[in-house]
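*Asks:* Below is target.pdb; it holds PDB, C-alpha atoms, pLDDT in the B column.
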```pdb
MODEL        1
ATOM      1  CA  MET A   1     117.036  97.913  75.286  1.00 42.00           C
ATOM      2  CA  GLU A   2     113.843  97.640  77.194  1.00 45.00           C
ATOM      3  CA  ASP A   3     110.694  99.332  76.008  1.00 47.00           C
ATOM      4  CA  ASN A   4     109.451 101.244  79.047  1.00 48.00           C
ATOM      5  CA  LYS A   5     105.869 102.287  78.495  1.00 50.00           C
ATOM      6  CA  LYS A   6     104.507 104.864  80.846  1.00 48.00           C
ATOM      7  CA  PRO A   7     101.090 104.087  82.240  1.00 58.00           C
ATOM      8  CA  GLY A   8      98.329 106.199  80.831  1.00 64.00           C
ATOM      9  CA  MET A   9      96.516 107.032  77.655  1.00 68.00           C
ATOM     10  CA  SER A  10      98.167 107.445  74.314  1.00 73.00           C
ATOM     11  CA  LEU A  11      98.129 110.811  72.594  1.00 77.00           C
ATOM     12  CA  LEU A  12      95.697 109.505  69.965  1.00 77.00           C
ATOM     13  CA  THR A  13      93.274 108.428  72.697  1.00 76.00           C
ATOM     14  CA  LYS A  14      93.472 111.827  74.370  1.00 79.00           C
ATOM     15  CA  ILE A  15      92.825 113.541  71.044  1.00 84.00           C
ATOM     16  CA  SER A  16      89.825 111.295  70.299  1.00 83.00           C
ATOM     17  CA  ILE A  17      88.341 111.930  73.742  1.00 83.00           C
ATOM     18  CA  ALA A  18      88.839 115.681  73.275  1.00 87.00           C
ATOM     19  CA  ALA A  19      87.121 115.386  69.875  1.00 89.00           C
ATOM     20  CA  ASN A  20      84.249 113.510  71.570  1.00 88.00           C
ATOM     21  CA  ILE A  21      83.914 116.284  74.136  1.00 89.00           C
ATOM     22  CA  LEU A  22      83.762 118.912  71.407  1.00 92.00           C
ATOM     23  CA  LEU A  23      81.441 116.863  69.198  1.00 91.00           C
ATOM     24  CA  PHE A  24      78.886 116.138  71.900  1.00 92.00           C
ATOM     25  CA  GLY A  25      79.295 119.482  73.653  1.00 92.00           C
ATOM     26  CA  ILE A  26      78.879 121.700  70.590  1.00 93.00           C
ATOM     27  CA  THR A  27      76.035 119.625  69.189  1.00 92.00           C
ATOM     28  CA  GLY A  28      74.344 119.606  72.600  1.00 92.00           C
ATOM     29  CA  VAL A  29      74.530 123.396  72.800  1.00 93.00           C
ATOM     30  CA  ILE A  30      73.108 123.668  69.265  1.00 91.00           C
ATOM     31  CA  TYR A  31      70.200 121.430  70.236  1.00 91.00           C
ATOM     32  CA  LEU A  32      69.548 123.472  73.396  1.00 93.00           C
ATOM     33  CA  ILE A  33      69.590 126.719  71.404  1.00 93.00           C
ATOM     34  CA  GLU A  34      67.084 125.243  68.940  1.00 89.00           C
ATOM     35  CA  GLY A  35      64.813 124.296  71.852  1.00 88.00           C
ATOM     36  CA  ASN A  36      65.268 120.520  71.630  1.00 86.00           C
ATOM     37  CA  ASN A  37      66.160 120.116  75.283  1.00 86.00           C
ATOM     38  CA  ILE A  38      65.980 116.322  75.683  1.00 91.00           C
ATOM     39  CA  ILE A  39      68.532 115.496  72.987  1.00 90.00           C
ATOM     40  CA  GLY A  40      70.597 118.540  73.986  1.00 91.00           C
ATOM     41  CA  TYR A  41      70.908 117.345  77.578  1.00 94.00           C
ATOM     42  CA  ILE A  42      71.696 113.793  76.424  1.00 92.00           C
ATOM     43  CA  LEU A  43      74.511 115.133  74.244  1.00 92.00           C
ATOM     44  CA  LEU A  44      75.869 117.334  77.028  1.00 93.00           C
ATOM     45  CA  ALA A  45      75.784 114.357  79.400  1.00 93.00           C
ATOM     46  CA  ALA A  46      77.774 112.307  76.878  1.00 91.00           C
ATOM     47  CA  GLY A  47      80.333 115.110  76.653  1.00 90.00           C
ATOM     48  CA  ALA A  48      80.503 115.298  80.453  1.00 91.00           C
ATOM     49  CA  LEU A  49      81.087 111.525  80.627  1.00 89.00           C
ATOM     50  CA  ASN A  50      84.098 112.011  78.360  1.00 85.00           C
ATOM     51  CA  ILE A  51      85.469 114.682  80.672  1.00 86.00           C
ATOM     52  CA  ILE A  52      84.942 112.507  83.745  1.00 85.00           C
ATOM     53  CA  TYR A  53      86.549 109.534  82.045  1.00 81.00           C
ATOM     54  CA  LEU A  54      89.542 111.607  80.957  1.00 79.00           C
ATOM     55  CA  LEU A  55      90.064 112.964  84.468  1.00 80.00           C
ATOM     56  CA  PHE A  56      89.746 109.727  86.433  1.00 78.00           C
ATOM     57  CA  THR A  57      90.975 106.909  84.199  1.00 70.00           C
ATOM     58  CA  LEU A  58      94.369 106.058  82.820  1.00 64.00           C
ATOM     59  CA  LYS A  59      93.493 102.876  80.940  1.00 66.00           C
ATOM     60  CA  THR A  60      91.400 102.663  77.796  1.00 64.00           C
ATOM     61  CA  LYS A  61      91.243  98.916  77.480  1.00 70.00           C
ATOM     62  CA  ASN A  62      88.737  98.285  80.227  1.00 76.00           C
ATOM     63  CA  VAL A  63      85.073  97.371  80.360  1.00 83.00           C
ATOM     64  CA  PHE A  64      83.969 100.884  81.291  1.00 82.00           C
ATOM     65  CA  PHE A  65      85.514 102.350  78.136  1.00 82.00           C
ATOM     66  CA  VAL A  66      83.831  99.653  76.044  1.00 86.00           C
ATOM     67  CA  ILE A  67      80.466 100.503  77.618  1.00 88.00           C
ATOM     68  CA  LEU A  68      81.092 104.201  76.972  1.00 87.00           C
ATOM     69  CA  ASN A  69      81.713 103.528  73.283  1.00 89.00           C
ATOM     70  CA  PHE A  70      78.427 101.642  72.982  1.00 92.00           C
ATOM     71  CA  LEU A  71      76.664 104.415  74.917  1.00 92.00           C
ATOM     72  CA  PHE A  72      78.120 107.027  72.574  1.00 92.00           C
ATOM     73  CA  ALA A  73      76.997 104.922  69.607  1.00 93.00           C
ATOM     74  CA  ALA A  74      73.449 104.972  70.992  1.00 94.00           C
ATOM     75  CA  VAL A  75      73.555 108.748  71.501  1.00 93.00           C
ATOM     76  CA  SER A  76      74.919 109.232  67.975  1.00 93.00           C
ATOM     77  CA  LEU A  77      72.158 107.036  66.592  1.00 93.00           C
ATOM     78  CA  ILE A  78      69.536 109.168  68.370  1.00 91.00           C
ATOM     79  CA  VAL A  79      70.974 112.300  66.769  1.00 91.00           C
ATOM     80  CA  CYS A  80      71.155 110.532  63.405  1.00 90.00           C
ATOM     81  CA  PHE A  81      67.469 109.561  63.558  1.00 90.00           C
ATOM     82  CA  ASP A  82      66.569 113.073  64.645  1.00 87.00           C
ATOM     83  CA  TYR A  83      68.202 114.486  61.519  1.00 86.00           C
ATOM     84  CA  PHE A  84      66.534 111.876  59.305  1.00 86.00           C
ATOM     85  CA  ILE A  85      62.995 112.248  60.668  1.00 86.00           C
ATOM     86  CA  GLY A  86      63.204 115.805  62.022  1.00 76.00           C
ATOM     87  CA  ASN A  87      61.483 118.819  60.592  1.00 60.00           C
ATOM     88  CA  ASP A  88      64.543 119.856  58.583  1.00 65.00           C
ATOM     89  CA  SER A  89      65.198 116.348  57.210  1.00 67.00           C
ATOM     90  CA  ASN A  90      68.870 117.163  56.700  1.00 74.00           C
ATOM     91  CA  THR A  91      70.028 113.794  55.413  1.00 81.00           C
ATOM     92  CA  THR A  92      73.668 114.822  54.885  1.00 86.00           C
ATOM     93  CA  ILE A  93      74.202 115.559  58.573  1.00 86.00           C
ATOM     94  CA  GLY A  94      72.166 112.457  59.398  1.00 86.00           C
ATOM     95  CA  LEU A  95      74.543 110.355  57.291  1.00 90.00           C
ATOM     96  CA  ILE A  96      77.544 111.919  59.022  1.00 91.00           C
ATOM     97  CA  TRP A  97      76.068 110.960  62.390  1.00 91.00           C
ATOM     98  CA  MET A  98      75.431 107.454  61.053  1.00 93.00           C
ATOM     99  CA  VAL A  99      79.139 107.171  60.184  1.00 93.00           C
ATOM    100  CA  ILE A 100      80.016 108.419  63.675  1.00 93.00           C
ATOM    101  CA  THR A 101      77.708 105.748  65.117  1.00 93.00           C
ATOM    102  CA  LEU A 102      79.412 103.040  63.060  1.00 94.00           C
ATOM    103  CA  ILE A 103      82.849 104.239  64.194  1.00 92.00           C
ATOM    104  CA  TYR A 104      81.789 103.998  67.852  1.00 92.00           C
ATOM    105  CA  LEU A 105      80.396 100.513  67.265  1.00 93.00           C
ATOM    106  CA  VAL A 106      83.542  99.271  65.513  1.00 93.00           C
ATOM    107  CA  VAL A 107      85.823 100.729  68.191  1.00 89.00           C
ATOM    108  CA  GLY A 108      83.582  99.298  70.905  1.00 89.00           C
ATOM    109  CA  PHE A 109      83.675  95.794  69.444  1.00 92.00           C
ATOM    110  CA  ILE A 110      87.445  95.919  68.895  1.00 90.00           C
ATOM    111  CA  LEU A 111      87.983  97.020  72.490  1.00 86.00           C
ATOM    112  CA  LEU A 112      85.562  94.355  73.716  1.00 89.00           C
ATOM    113  CA  LEU A 113      87.567  91.673  71.918  1.00 90.00           C
ATOM    114  CA  GLN A 114      90.810  93.042  73.362  1.00 87.00           C
ATOM    115  CA  VAL A 115      89.404  93.146  76.902  1.00 86.00           C
ATOM    116  CA  ARG A 116      88.037  89.606  76.588  1.00 88.00           C
ATOM    117  CA  LYS A 117      91.342  88.338  75.197  1.00 87.00           C
ATOM    118  CA  LYS A 118      93.249  90.044  77.987  1.00 82.00           C
ATOM    119  CA  SER A 119      90.965  88.586  80.662  1.00 81.00           C
ATOM    120  CA  GLN A 120      91.215  85.091  79.156  1.00 82.00           C
ATOM    121  CA  ASN A 121      95.019  85.230  79.091  1.00 79.00           C
ATOM    122  CA  LYS A 122      95.261  86.037  82.802  1.00 70.00           C
ATOM    123  CA  PRO A 123      96.449  83.047  84.786  1.00 62.00           C
ATOM    124  CA  GLU A 124      93.901  81.958  87.326  1.00 58.00           C
ATOM    125  CA  THR A 125      95.184  81.727  90.871  1.00 58.00           C
ATOM    126  CA  THR A 126      93.736  79.499  93.499  1.00 54.00           C
ATOM    127  CA  PRO A 127      93.521  80.473  97.168  1.00 56.00           C
ATOM    128  CA  GLU A 128      96.298  77.959  97.993  1.00 57.00           C
ATOM    129  CA  GLU A 129      98.681  79.664  95.547  1.00 54.00           C
ATOM    130  CA  THR A 130      98.215  83.116  97.013  1.00 54.00           C
ATOM    131  CA  THR A 131      99.150  82.136 100.571  1.00 51.00           C
TER     132      THR A 131
ENDMDL
END
```
So that I can check it, write out the structure of this file as structure tokens.
*Replies:*
Amino acid sequence: MEDNKKPGMSLLTKISIAANILLFGITGVIYLIEGNNIIGYILLAAGALNIIYLLFTLKTKNVFFVILNFLFAAVSLIVCFDYFIGNDSNTTIGLIWMVITLIYLVVGFILLLQVRKKSQNKPETTPEETT
């Protein structure tokens, strides 16, 4: 029997992107309500990037998705530092955002290795072979 995989994202990937949308969207709204507009808009933009990616892309093992993971890691790190050095100094939430940052970094590096391996395994064609 042949294993016919349908093109597209796996259910786990769709769930993680939906979680990203909620994470960045809700936190962005909280920041906007508190009056911290710069970080709030950055978080809402990260949530919007997830929505755009979900609507227009079927593959998750591409360079754009790798870049998005590193971008989300940077946004998470900004929020983490804000909780550590902010007026409230809520270190528990800061630590949670640090873990989120590390997850994005690990996923980003794993995907980067997979994309590089996939691109190295492609057979190179010369112009003579294509004609």
*Asks:* Could you tell me which residues the PyMOL selection byres ((chain A and resi 107) around 12) grabs in this file, written as a PDB file with C-alpha atoms, in the frame of the given file?
*Replies:*
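Saved to result-v8.pdb:
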```pdb
ATOM      1  CA  THR A  13      93.274 108.428  72.697  1.00 76.00           C
ATOM      2  CA  SER A  16      89.825 111.295  70.299  1.00 83.00           C
ATOM      3  CA  THR A  60      91.400 102.663  77.796  1.00 64.00           C
ATOM      4  CA  LYS A  61      91.243  98.916  77.480  1.00 70.00           C
ATOM      5  CA  PHE A  65      85.514 102.350  78.136  1.00 82.00           C
ATOM      6  CA  VAL A  66      83.831  99.653  76.044  1.00 86.00           C
ATOM      7  CA  ILE A  67      80.466 100.503  77.618  1.00 88.00           C
ATOM      8  CA  LEU A  68      81.092 104.201  76.972  1.00 87.00           C
ATOM      9  CA  ASN A  69      81.713 103.528  73.283  1.00 89.00           C
ATOM     10  CA  PHE A  70      78.427 101.642  72.982  1.00 92.00           C
ATOM     11  CA  LEU A  71      76.664 104.415  74.917  1.00 92.00           C
ATOM     12  CA  PHE A  72      78.120 107.027  72.574  1.00 92.00           C
ATOM     13  CA  ALA A  73      76.997 104.922  69.607  1.00 93.00           C
ATOM     14  CA  ILE A 100      80.016 108.419  63.675  1.00 93.00           C
ATOM     15  CA  THR A 101      77.708 105.748  65.117  1.00 93.00           C
ATOM     16  CA  LEU A 102      79.412 103.040  63.060  1.00 94.00           C
ATOM     17  CA  ILE A 103      82.849 104.239  64.194  1.00 92.00           C
ATOM     18  CA  TYR A 104      81.789 103.998  67.852  1.00 92.00           C
ATOM     19  CA  LEU A 105      80.396 100.513  67.265  1.00 93.00           C
ATOM     20  CA  VAL A 106      83.542  99.271  65.513  1.00 93.00           C
ATOM     21  CA  GLY A 108      83.582  99.298  70.905  1.00 89.00           C
ATOM     22  CA  PHE A 109      83.675  95.794  69.444  1.00 92.00           C
ATOM     23  CA  ILE A 110      87.445  95.919  68.895  1.00 90.00           C
ATOM     24  CA  LEU A 111      87.983  97.020  72.490  1.00 86.00           C
ATOM     25  CA  LEU A 112      85.562  94.355  73.716  1.00 89.00           C
ATOM     26  CA  LEU A 113      87.567  91.673  71.918  1.00 90.00           C
ATOM     27  CA  GLN A 114      90.810  93.042  73.362  1.00 87.00           C
TER      28      GLN A 114
END
```
*Asks:* I'd like the neighbourhood of Ala48 (chain A) as a PyMOL selection string, where a residue qualifies if any of its atoms comes within 12 Å (using all atoms listed in the file), though same-chain residues fewer than 5 positions away should be ignored.
*Replies:* chain A and resi 17-18+20-26+28+41-43+53-55+68+72
*Asks:* Which residue out of A:Lys14, A:Asp82, A:Ser76, A:Leu49 has the minimum interatomic distance to Phe64 (chain A) when all atoms listed in the file are used?
*Replies:*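 Result for the nearest residue to Phe64 (chain A): A:Leu49.
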*Asks:* Please measure the separation of CA of Leu12 (chain A) and CA of Asn121 (chain A), giving the value in Å to one decimal.
*Replies:*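 Pair CA of Leu12 (chain A) / CA of Asn121 (chain A) returns 25.9 Å.
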*Asks:* Name the residues captured by the PyMOL selection byres ((chain A and resi 93) around 12) when it is applied to the shown file; answer as a PyMOL selection string.
*Replies:* chain A and resi 27+76-77+79-86+88-92+94-100
*Asks:* Mind dumping the selected residues with C-alpha atoms as a PDB file, keeping the file's coordinate frame?
*Replies:*
```
ATOM      1  CA  THR A  27      76.035 119.625  69.189  1.00 92.00           C
ATOM      2  CA  SER A  76      74.919 109.232  67.975  1.00 93.00           C
ATOM      3  CA  LEU A  77      72.158 107.036  66.592  1.00 93.00           C
ATOM      4  CA  VAL A  79      70.974 112.300  66.769  1.00 91.00           C
ATOM      5  CA  CYS A  80      71.155 110.532  63.405  1.00 90.00           C
ATOM      6  CA  PHE A  81      67.469 109.561  63.558  1.00 90.00           C
ATOM      7  CA  ASP A  82      66.569 113.073  64.645  1.00 87.00           C
ATOM      8  CA  TYR A  83      68.202 114.486  61.519  1.00 86.00           C
ATOM      9  CA  PHE A  84      66.534 111.876  59.305  1.00 86.00           C
ATOM     10  CA  ILE A  85      62.995 112.248  60.668  1.00 86.00           C
ATOM     11  CA  GLY A  86      63.204 115.805  62.022  1.00 76.00           C
ATOM     12  CA  ASP A  88      64.543 119.856  58.583  1.00 65.00           C
ATOM     13  CA  SER A  89      65.198 116.348  57.210  1.00 67.00           C
ATOM     14  CA  ASN A  90      68.870 117.163  56.700  1.00 74.00           C
ATOM     15  CA  THR A  91      70.028 113.794  55.413  1.00 81.00           C
ATOM     16  CA  THR A  92      73.668 114.822  54.885  1.00 86.00           C
ATOM     17  CA  GLY A  94      72.166 112.457  59.398  1.00 86.00           C
ATOM     18  CA  LEU A  95      74.543 110.355  57.291  1.00 90.00           C
ATOM     19  CA  ILE A  96      77.544 111.919  59.022  1.00 91.00           C
ATOM     20  CA  TRP A  97      76.068 110.960  62.390  1.00 91.00           C
ATOM     21  CA  MET A  98      75.431 107.454  61.053  1.00 93.00           C
ATOM     22  CA  VAL A  99      79.139 107.171  60.184  1.00 93.00           C
ATOM     23  CA  ILE A 100      80.016 108.419  63.675  1.00 93.00           C
TER      24      ILE A 100
END
```
*Asks:* Let me make sure I understand: among A:Ala19, A:Leu44, A:Ala74, A:Leu11, which one has the smallest atom-to-atom distance to Tyr31 (chain A) if we use all atoms listed in the file?
*Replies:*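 So, comparing all the options, the nearest one is A:Leu44.
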*Asks:* Using CA of Asn37 (chain A) and CA of Val75 (chain A) as the two end points, give the distance in Å to one decimal.
*Replies:*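 Going from CA of Asn37 (chain A) over to CA of Val75 (chain A) covers 14.1 Å.
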*Asks:* Report, in Å to a single decimal, how far apart CA of Lys118 (chain A) and CA of Val63 (chain A) are.
*Replies:* 11.2 Å
